[in-house]
file protein.txt (compact mmCIF, C-alpha atoms)
# COMPACT_ATOMS: atom_id res chain seq x y z
CA MET A 1 38.74 8.56 -5.98
CA ARG A 2 40.73 6.22 -3.70
CA TYR A 3 38.86 3.02 -2.89
CA SER A 4 41.06 2.37 0.15
CA ARG A 5 39.78 5.60 1.71
CA ILE A 6 36.16 4.69 0.91
CA LYS A 7 36.75 1.26 2.45
CA ALA A 8 38.26 2.84 5.58
CA VAL A 9 35.26 5.16 6.05
CA ALA A 10 32.85 2.28 5.39
CA VAL A 11 34.58 0.03 7.94
CA LYS A 12 34.48 2.85 10.50
CA GLU A 13 30.73 3.29 9.89
CA PHE A 14 30.15 -0.49 10.10
CA ILE A 15 31.93 -0.63 13.45
CA HIS A 16 29.84 2.26 14.72
CA ILE A 17 26.60 0.54 13.62
CA MET A 18 27.61 -2.75 15.24
CA ARG A 19 28.49 -0.98 18.48
CA ASP A 20 25.21 0.92 18.51
CA PRO A 21 22.34 -1.56 18.95
CA ARG A 22 19.78 1.23 18.44
CA SER A 23 21.02 1.95 14.93
CA LEU A 24 21.13 -1.75 14.07
CA GLY A 25 17.65 -2.27 15.52
CA MET A 26 16.31 0.68 13.57
CA ALA A 27 17.89 -0.63 10.41
CA ILE A 28 16.69 -4.24 10.64
CA PHE A 29 13.71 -4.59 12.93
CA ILE A 30 11.72 -1.42 12.28
CA PRO A 31 11.15 -2.26 8.57
CA MET A 32 10.04 -5.77 9.59
CA LEU A 33 7.75 -4.37 12.28
CA LEU A 34 6.22 -1.80 9.91
CA LEU A 35 5.68 -4.43 7.23
CA LEU A 36 3.96 -6.72 9.74
CA LEU A 37 1.76 -3.96 11.18
CA PHE A 38 0.71 -2.40 7.88
CA GLY A 39 0.56 -5.73 6.05
CA TYR A 40 -1.93 -7.20 8.48
CA ALA A 41 -3.78 -4.04 9.54
CA LEU A 42 -4.12 -2.31 6.18
CA SER A 43 -6.66 -4.02 3.97
CA LEU A 44 -9.02 -2.56 1.39
CA ASP A 45 -10.99 -5.77 0.96
CA VAL A 46 -14.65 -5.63 1.93
CA ASP A 47 -16.17 -8.93 3.07
CA ARG A 48 -18.48 -10.17 5.79
CA VAL A 49 -20.23 -6.78 6.06
CA PRO A 50 -22.50 -7.05 9.13
CA LEU A 51 -26.14 -6.82 8.03
CA ALA A 52 -29.47 -6.22 9.80
CA ILE A 53 -32.67 -7.46 8.15
CA TRP A 54 -36.23 -6.20 8.64
CA ASP A 55 -38.43 -8.63 6.74
CA GLN A 56 -41.95 -7.19 6.91
CA ASP A 57 -43.22 -9.57 4.23
CA GLN A 58 -42.23 -12.84 5.94
CA SER A 59 -42.96 -14.81 2.76
CA PRO A 60 -41.07 -17.66 1.02
CA LEU A 61 -40.03 -15.17 -1.67
CA SER A 62 -38.58 -12.69 0.82
CA ARG A 63 -36.75 -15.49 2.63
CA ASP A 64 -35.30 -16.65 -0.69
CA PHE A 65 -34.13 -13.11 -1.33
CA ILE A 66 -32.52 -12.93 2.12
CA SER A 67 -30.83 -16.31 1.61
CA ARG A 68 -28.86 -14.81 -1.30
CA PHE A 69 -27.27 -12.34 1.10
CA ASP A 70 -26.80 -15.00 3.78
CA GLY A 71 -24.95 -17.24 1.35
CA SER A 72 -22.76 -14.45 0.01
CA PRO A 73 -19.17 -14.08 1.25
CA TYR A 74 -19.62 -10.31 1.22
CA PHE A 75 -22.34 -10.10 3.88
CA LYS A 76 -23.02 -11.60 7.27
CA ILE A 77 -26.52 -11.33 8.73
CA ASN A 78 -26.00 -10.20 12.30
CA SER A 79 -29.58 -9.57 13.39
CA TYR A 80 -33.24 -9.57 12.35
CA VAL A 81 -34.98 -6.41 13.50
CA SER A 82 -38.64 -5.46 13.66
CA SER A 83 -38.64 -1.68 13.13
CA TYR A 84 -36.72 1.21 11.64
CA ARG A 85 -35.70 2.19 15.15
CA ASP A 86 -34.07 -1.22 15.73
CA ALA A 87 -32.27 -0.98 12.39
CA GLU A 88 -31.01 2.48 13.32
CA LEU A 89 -29.83 1.25 16.72
CA ALA A 90 -28.00 -1.69 15.14
CA ILE A 91 -26.11 0.70 12.85
CA ASP A 92 -25.46 3.22 15.64
CA LYS A 93 -23.96 0.49 17.84
CA ARG A 94 -21.97 -0.82 14.87
CA ASP A 95 -23.66 -4.21 15.21
CA ALA A 96 -24.55 -3.72 11.56
CA MET A 97 -23.06 -1.63 8.80
CA ALA A 98 -26.05 -2.01 6.52
CA ALA A 99 -29.73 -2.82 6.87
CA ILE A 100 -32.16 -4.29 4.35
CA ILE A 101 -35.81 -3.31 4.69
CA ILE A 102 -38.23 -5.62 2.83
CA PRO A 103 -41.72 -4.06 2.55
CA TYR A 104 -45.07 -5.79 3.29
CA ASP A 105 -46.04 -6.00 -0.37
CA PHE A 106 -42.70 -7.43 -1.55
CA SER A 107 -43.93 -10.88 -2.69
CA ALA A 108 -47.26 -9.48 -3.94
CA LYS A 109 -45.57 -7.02 -6.30
CA ALA A 110 -42.81 -9.40 -7.32
CA GLY A 111 -45.40 -12.13 -8.05
CA LYS A 112 -47.51 -9.84 -10.25
CA SER A 113 -44.59 -8.55 -12.28
CA ALA A 114 -45.02 -5.14 -10.72
CA LYS A 115 -41.86 -3.31 -9.86
CA GLY A 116 -41.18 -3.87 -6.18
CA SER A 117 -38.49 -2.20 -4.15
CA VAL A 118 -36.20 -3.13 -1.26
CA GLN A 119 -34.53 -0.47 0.81
CA LEU A 120 -30.83 -0.70 1.61
CA ILE A 121 -29.57 1.54 4.42
CA LEU A 122 -25.78 1.97 4.62
CA ASP A 123 -23.52 3.47 7.27
CA GLY A 124 -21.86 6.27 5.26
CA SER A 125 -19.36 7.13 8.00
CA ASP A 126 -17.09 4.64 6.23
CA SER A 127 -17.81 5.78 2.70
CA ASN A 128 -15.37 3.42 0.97
CA THR A 129 -16.81 0.29 2.56
CA ALA A 130 -20.36 1.61 2.08
CA THR A 131 -19.77 2.20 -1.63
CA ILE A 132 -18.33 -1.26 -2.19
CA ALA A 133 -21.04 -2.94 -0.08
CA SER A 134 -23.70 -1.07 -2.09
CA GLY A 135 -22.22 -2.48 -5.29
CA TYR A 136 -22.23 -6.02 -3.89
CA ALA A 137 -25.87 -5.64 -2.75
CA ASP A 138 -26.86 -4.33 -6.18
CA MET A 139 -25.16 -7.28 -7.87
CA ILE A 140 -26.87 -9.85 -5.59
CA THR A 141 -30.27 -8.20 -6.12
CA SER A 142 -29.82 -8.12 -9.91
CA LEU A 143 -28.88 -11.80 -10.05
CA TRP A 144 -31.84 -12.74 -7.85
CA SER A 145 -34.21 -10.69 -10.06
CA GLU A 146 -32.91 -12.36 -13.23
CA ASP A 147 -33.46 -15.80 -11.71
CA LEU A 148 -36.99 -14.79 -10.68
CA ILE A 149 -37.83 -13.57 -14.19
CA LEU A 150 -36.52 -16.80 -15.74
CA LYS A 151 -38.59 -18.90 -13.34
CA LYS A 152 -41.71 -16.91 -14.26
CA ILE A 153 -41.11 -17.36 -17.97
CA GLN A 154 -40.54 -21.10 -17.58
CA LYS A 155 -43.63 -21.41 -15.37
CA ALA A 156 -45.72 -19.65 -18.01
CA GLY A 157 -44.51 -22.14 -20.62
CA GLY A 158 -42.40 -19.66 -22.48
CA ARG A 159 -38.85 -20.14 -23.66
CA PRO A 160 -36.13 -18.50 -21.61
CA VAL A 161 -34.97 -15.26 -23.15
CA LEU A 162 -31.23 -14.99 -23.50
CA ASN A 163 -29.47 -11.74 -22.77
CA PRO A 164 -28.38 -10.06 -26.02
CA VAL A 165 -25.02 -9.17 -24.43
CA GLU A 166 -23.24 -11.16 -21.76
CA LEU A 167 -20.37 -9.57 -19.89
CA ARG A 168 -17.60 -12.02 -19.04
CA PRO A 169 -15.15 -10.19 -16.77
CA ARG A 170 -11.63 -11.49 -16.46
CA VAL A 171 -9.19 -9.92 -14.04
CA TRP A 172 -5.54 -9.96 -15.00
CA PHE A 173 -2.53 -9.93 -12.68
CA ASN A 174 -4.53 -10.08 -9.41
CA TYR A 175 -7.17 -12.71 -10.13
CA ASP A 176 -8.86 -12.68 -6.73
CA LEU A 177 -8.65 -8.88 -6.39
CA GLU A 178 -6.80 -9.34 -3.09
CA SER A 179 -5.79 -5.89 -1.83
CA ARG A 180 -2.84 -7.43 0.00
CA ASN A 181 -1.24 -8.38 -3.34
CA TYR A 182 -0.76 -4.75 -4.33
CA ILE A 183 -0.48 -3.24 -0.85
CA ILE A 184 2.61 -5.26 0.16
CA PRO A 185 4.80 -4.25 -2.86
CA GLY A 186 3.79 -0.61 -2.38
CA LEU A 187 4.43 -0.91 1.32
CA ILE A 188 7.97 -2.16 0.72
CA ALA A 189 8.68 0.94 -1.37
CA VAL A 190 7.28 3.37 1.22
CA ILE A 191 9.04 1.73 4.17
CA MET A 192 12.39 1.53 2.37
CA MET A 193 12.14 5.20 1.37
CA VAL A 194 11.49 6.35 4.94
CA ILE A 195 13.97 4.05 6.70
CA SER A 196 16.79 4.65 4.20
CA ALA A 197 16.59 8.44 4.39
CA LEU A 198 16.16 8.30 8.17
CA LEU A 199 19.25 6.12 8.70
CA THR A 200 21.68 8.18 6.66
CA SER A 201 20.22 11.48 7.87
CA LEU A 202 22.06 10.84 11.15
CA THR A 203 25.49 9.97 9.77
CA ILE A 204 27.10 13.32 8.88
CA ALA A 205 25.13 15.19 11.57
CA ARG A 206 26.45 12.74 14.17
CA GLU A 207 30.03 13.48 13.15
CA TRP A 208 29.42 17.21 13.62
CA GLU A 209 27.69 16.73 16.98
CA GLN A 210 30.35 14.37 18.36
CA GLY A 211 33.15 16.62 17.17
CA THR A 212 34.73 13.93 14.97
CA MET A 213 34.08 15.78 11.73
CA GLU A 214 37.13 18.00 12.28
CA GLN A 215 39.27 14.83 12.46
CA LEU A 216 37.80 13.57 9.20
CA ILE A 217 38.38 16.94 7.56
CA SER A 218 42.03 16.82 8.60
CA THR A 219 42.50 13.45 6.86
CA PRO A 220 43.16 13.09 3.12
CA VAL A 221 39.62 11.72 2.69
CA LYS A 222 37.77 13.79 0.11
CA GLY A 223 34.13 14.76 0.30
CA HIS A 224 32.79 12.30 -2.25
CA GLU A 225 34.91 9.49 -0.74
CA LEU A 226 33.41 10.22 2.67
CA ILE A 227 29.88 10.21 1.24
CA PHE A 228 30.40 6.91 -0.61
CA GLY A 229 32.03 5.38 2.45
CA LYS A 230 29.12 6.45 4.62
CA LEU A 231 26.59 5.15 2.10
CA LEU A 232 28.12 1.69 1.63
CA PRO A 233 27.23 0.10 5.03
CA TYR A 234 23.66 1.40 4.88
CA PHE A 235 23.32 0.24 1.28
CA ILE A 236 24.19 -3.31 2.38
CA ILE A 237 21.78 -3.06 5.32
CA GLY A 238 19.09 -1.68 3.00
CA MET A 239 19.52 -4.57 0.57
CA THR A 240 19.29 -6.95 3.53
CA ASP A 241 16.01 -5.27 4.47
CA VAL A 242 14.75 -5.73 0.91
CA ALA A 243 15.65 -9.44 1.07
CA ILE A 244 13.79 -9.80 4.38
CA ALA A 245 10.76 -7.96 2.94
CA VAL A 246 10.73 -10.22 -0.14
CA ILE A 247 10.89 -13.32 2.08
CA MET A 248 8.06 -11.98 4.26
CA GLY A 249 6.00 -11.16 1.18
CA GLU A 250 6.50 -14.67 -0.20
CA PHE A 251 6.05 -16.82 2.88
CA LEU A 252 4.01 -14.65 5.25
CA PHE A 253 1.70 -12.67 2.99
CA HIS A 254 1.80 -15.04 -0.01
CA VAL A 255 2.09 -12.24 -2.56
CA PRO A 256 2.70 -13.76 -6.03
CA MET A 257 6.13 -13.02 -7.50
CA ARG A 258 5.79 -13.25 -11.28
CA GLY A 259 8.81 -11.22 -12.29
CA SER A 260 12.55 -11.59 -11.95
CA LEU A 261 14.14 -11.52 -8.51
CA VAL A 262 17.37 -10.25 -10.07
CA MET A 263 15.43 -7.35 -11.62
CA LEU A 264 13.77 -6.62 -8.28
CA PHE A 265 17.07 -6.45 -6.38
CA PHE A 266 18.72 -4.44 -9.15
CA MET A 267 15.95 -1.83 -9.11
CA SER A 268 15.95 -1.85 -5.30
CA GLY A 269 19.66 -1.03 -5.43
CA VAL A 270 19.04 1.93 -7.74
CA PHE A 271 16.24 3.17 -5.50
CA LEU A 272 18.25 2.72 -2.29
CA ALA A 273 21.19 4.68 -3.70
CA GLY A 274 18.91 7.68 -4.25
CA ALA A 275 17.05 7.37 -0.94
CA LEU A 276 20.26 6.97 1.08
CA SER A 277 21.83 9.92 -0.74
CA LEU A 278 18.81 12.04 0.14
CA GLY A 279 19.38 11.22 3.83
CA ILE A 280 23.06 12.17 3.49
CA LEU A 281 22.08 15.47 1.87
CA ILE A 282 19.67 16.25 4.70
CA SER A 283 22.36 15.36 7.23
CA ILE A 284 24.90 17.65 5.57
CA ILE A 285 22.49 20.59 5.56
CA ALA A 286 21.00 20.09 9.03
CA LYS A 287 24.23 19.24 10.97
CA ASN A 288 21.99 18.18 13.89
CA GLN A 289 20.74 14.63 14.41
CA PHE A 290 17.32 15.53 15.83
CA LEU A 291 16.60 18.15 13.17
CA ALA A 292 17.91 15.88 10.40
CA SER A 293 15.73 12.95 11.50
CA GLN A 294 12.64 15.17 11.67
CA VAL A 295 13.28 16.67 8.23
CA ALA A 296 13.93 13.21 6.78
CA MET A 297 10.68 11.88 8.23
CA ILE A 298 8.63 14.81 6.89
CA MET A 299 10.24 14.76 3.47
CA THR A 300 9.81 11.03 2.96
CA PHE A 301 6.89 9.58 4.92
CA LEU A 302 3.96 11.78 3.92
CA PRO A 303 4.91 12.24 0.23
CA SER A 304 5.68 8.52 -0.13
CA PHE A 305 2.53 7.44 1.65
CA LEU A 306 0.10 9.85 0.00
CA LEU A 307 1.60 10.79 -3.37
CA SER A 308 3.31 7.63 -4.60
CA GLY A 309 0.19 5.89 -5.83
CA PHE A 310 0.52 3.41 -2.99
CA MET A 311 -2.85 4.19 -1.39
CA SER A 312 -4.81 5.79 -4.21
CA ALA A 313 -4.47 6.10 -7.95
CA ILE A 314 -2.46 9.14 -9.03
CA SER A 315 -4.86 9.70 -11.94
CA ASN A 316 -7.64 10.40 -9.40
CA MET A 317 -5.67 13.20 -7.70
CA PRO A 318 -6.10 16.89 -8.56
CA LYS A 319 -3.90 18.02 -11.45
CA PRO A 320 -1.40 20.04 -9.32
CA LEU A 321 -0.83 17.01 -7.08
CA GLN A 322 -0.40 14.76 -10.10
CA ILE A 323 2.38 17.06 -11.29
CA ALA A 324 3.94 17.10 -7.80
CA THR A 325 4.13 13.30 -7.72
CA HIS A 326 6.76 13.36 -10.46
CA VAL A 327 9.40 14.49 -7.93
CA ILE A 328 8.52 11.68 -5.48
CA PRO A 329 10.97 8.80 -6.12
CA ALA A 330 8.71 6.33 -4.29
CA ARG A 331 6.15 6.84 -7.08
CA TYR A 332 8.46 5.14 -9.58
CA PHE A 333 9.56 2.42 -7.18
CA VAL A 334 5.94 1.57 -6.29
CA THR A 335 5.19 1.18 -10.02
CA ILE A 336 8.31 -0.93 -10.51
CA LEU A 337 7.57 -3.25 -7.57
CA LYS A 338 3.92 -3.73 -8.57
CA GLY A 339 5.02 -4.39 -12.15
CA ILE A 340 7.60 -6.99 -11.13
CA TYR A 341 5.43 -8.65 -8.47
CA LEU A 342 2.04 -8.78 -10.18
CA LYS A 343 2.69 -8.39 -13.92
CA GLY A 344 6.08 -10.03 -14.25
CA ALA A 345 7.22 -6.91 -16.11
CA GLY A 346 10.83 -6.52 -17.19
CA LEU A 347 13.19 -3.64 -17.85
CA ARG A 348 11.69 -2.98 -21.30
CA VAL A 349 8.34 -2.11 -19.72
CA LEU A 350 9.76 -0.34 -16.66
CA ALA A 351 12.61 1.47 -18.41
CA ALA A 352 11.09 4.96 -17.93
CA GLU A 353 10.61 4.50 -14.17
CA ALA A 354 14.07 2.92 -13.81
CA SER A 355 15.70 5.81 -15.70
CA LEU A 356 13.95 8.43 -13.57
CA LEU A 357 15.03 6.66 -10.38
CA ALA A 358 18.62 6.61 -11.63
CA VAL A 359 18.44 10.30 -12.54
CA PHE A 360 17.05 11.11 -9.09
CA GLY A 361 19.89 9.22 -7.40
CA ILE A 362 22.59 10.90 -9.51
CA ILE A 363 21.17 14.40 -8.93
CA VAL A 364 20.94 13.93 -5.16
CA MET A 365 24.47 12.48 -4.99
CA VAL A 366 25.91 15.39 -6.98
CA VAL A 367 24.08 17.98 -4.84
CA ALA A 368 25.17 16.25 -1.61
CA ASN A 369 28.78 16.20 -2.82
CA LYS A 370 28.70 19.89 -3.70
CA LYS A 371 27.08 20.83 -0.41
CA PHE A 372 29.62 18.85 1.56
CA LYS A 373 32.51 20.50 -0.24
CA LYS A 374 31.15 23.90 0.73
CA LYS A 375 31.03 22.88 4.38
CA LEU A 376 34.61 21.66 4.23
CA GLY A 377 35.64 24.93 2.76

call {"tool": "encode", "arguments": {"input": "protein.txt", "output": "structure tokens"}}
result
Amino acid sequence: MRYSRIKAVAVKEFIHIMRDPRSLGMAIFIPMLLLLLFGYALSLDVDRVPLAIWDQDQSPLSRDFISRFDGSPYFKINSYVSSYRDAELAIDKRDAMAAIIIPYDFSAKAGKSAKGSVQLILDGSDSNTATIASGYADMITSLWSEDLILKKIQKAGGRPVLNPVELRPRVWFNYDLESRNYIIPGLIAVIMMVISALLTSLTIAREWEQGTMEQLISTPVKGHELIFGKLLPYFIIGMTDVAIAVIMGEFLFHVPMRGSLVMLFFMSGVFLAGALSLGILISIIAKNQFLASQVAMIMTFLPSFLLSGFMSAISNMPKPLQIATHVIPARYFVTILKGIYLKGAGLRVLAAEASLLAVFGIIVMVVANKKFKKKLG
């Protein structure tokens, strides 16, 4: 391997990128734009759920019950209705996502220690939000009921009864359960996978389309030197993108960084080498820029988005899909980024994922080199 040849190919590719504002824009601004769009638009947090109330009881007790929802950060009372039809209309018009129906005998039953009931109607067209909102409503109702029981005991002159078991939850790594804290690291992995493969998928195909590949073949440059030379400029651009994403995560999205920055950039380098090599491999096989870009998009975006564990836990997927995720490199990078960002994990904890990423990169590089040699022949 002659480093002077690799340097010559890399300089040629750098000059091409600098002369082509579209390539430079794609390399720098599209990752920033995607991070901004997804970072702000994609949120799994459920708060301020619009609520409609039909209080048929109109008693101090029912108003106290309603005040618990009004004072909660999870719900926002949008309207008070006077019939089922009004509650239905509020949900149909999306003025409310949930409705609470308090019956006429609410305070009478609650005051006599009889088991009363309150109906909660939820808009199931958004099942995720409905499920979470149902849990919040159940928690608020349980706490209100406990307070009511204690007041009754104290009023009757009895001693408060302590719960035999008290659950004291403590959340590690993401104390406030902010979805943004784990979405942004996963998002960086998905965006870098797609952009990296997309960028290099055009390099070799462009040489074939523009007729300059024959000139390169006639030079002493060997196949692996050409591949490394092509990779180098995009590797530097990719690492620049990672630096921009880290800065945006820190100062724009305020995602806590508990691990080592050096570790993050080192693992990003390993991941980028594999992702860029995959783009080169696609470019060698396709020999057409349009086809190569389409194949790169299909091979990276959907698997990275759906099967990397970025959006949903891999353990919740069907068994065949869980097995398929092992060939998705973004799966390992998502785990690594979340580990570094949220847990402050080091190489000892993330060694398995780091090794698999390195193995992926080496395999793709070797296959790309062999494929390119065949084309030269």

call {"tool": "closest_residue", "arguments": {"input": "protein.txt", "among": "A:Ile204, A:Met239, A:Ile282, A:Ile328", "to": "Phe305 in chain A", "atoms": "all atoms listed in the file"}}
result
A:Ile328

call {"tool": "residues_around", "arguments": {"input": "protein.txt", "residues": "range 9-25 of chain A", "least_positions_apart": "5", "cutoff": "8 Å", "atoms": "only C-alpha atoms", "output": "list in words"}}
result
Ile30, Leu199, Leu226, Phe228, Gly229, Lys230, Leu231, Leu232 and Pro233 of chain A

call {"tool": "closest_residue", "arguments": {"input": "protein.txt", "among": "A:Leu337, A:Ile191, A:Leu278, A:Met26", "to": "Ala368 in chain A", "atoms": "all atoms listed in the file"}}
result
A:Leu278

call {"tool": "atom_distance", "arguments": {"input": "protein.txt", "atom1": "CA of Gln56 in chain A", "atom2": "CA of Leu120 in chain A"}}
result
13.9 Å

call {"tool": "residues_around", "arguments": {"input": "protein.txt", "residues": "Val334 in chain A", "least_positions_apart": "6", "cutoff": "8 Å", "atoms": "all atoms listed in the file", "output": "ChimeraX atom specification"}}
result
/A:185-186,189-190,308-310

call {"tool": "atom_distance", "arguments": {"input": "protein.txt", "atom1": "CA of Ser67 in chain A", "atom2": "CA of Arg170 in chain A"}}
result
26.8 Å

call {"tool": "residues_around", "arguments": {"input": "protein.txt", "residues": "Val81 in chain A", "least_positions_apart": "6", "cutoff": "12 Å", "atoms": "all atoms listed in the file", "output": "list in words"}}
result
Leu51, Ala52, Ile53, Trp54, Asp55, Gln56, Ala87, Glu88, Leu89, Ala90, Ile91, Asp95, Ala96, Ala99, Ile100, Ile101 and Ile102 of chain A

call {"tool": "residues_around", "arguments": {"input": "protein.txt", "residues": "Leu42 in chain A", "least_positions_apart": "4", "cutoff": "8 Å", "atoms": "all atoms listed in the file", "output": "list in words"}}
result
Leu37, Phe38 and Ile183 of chain A
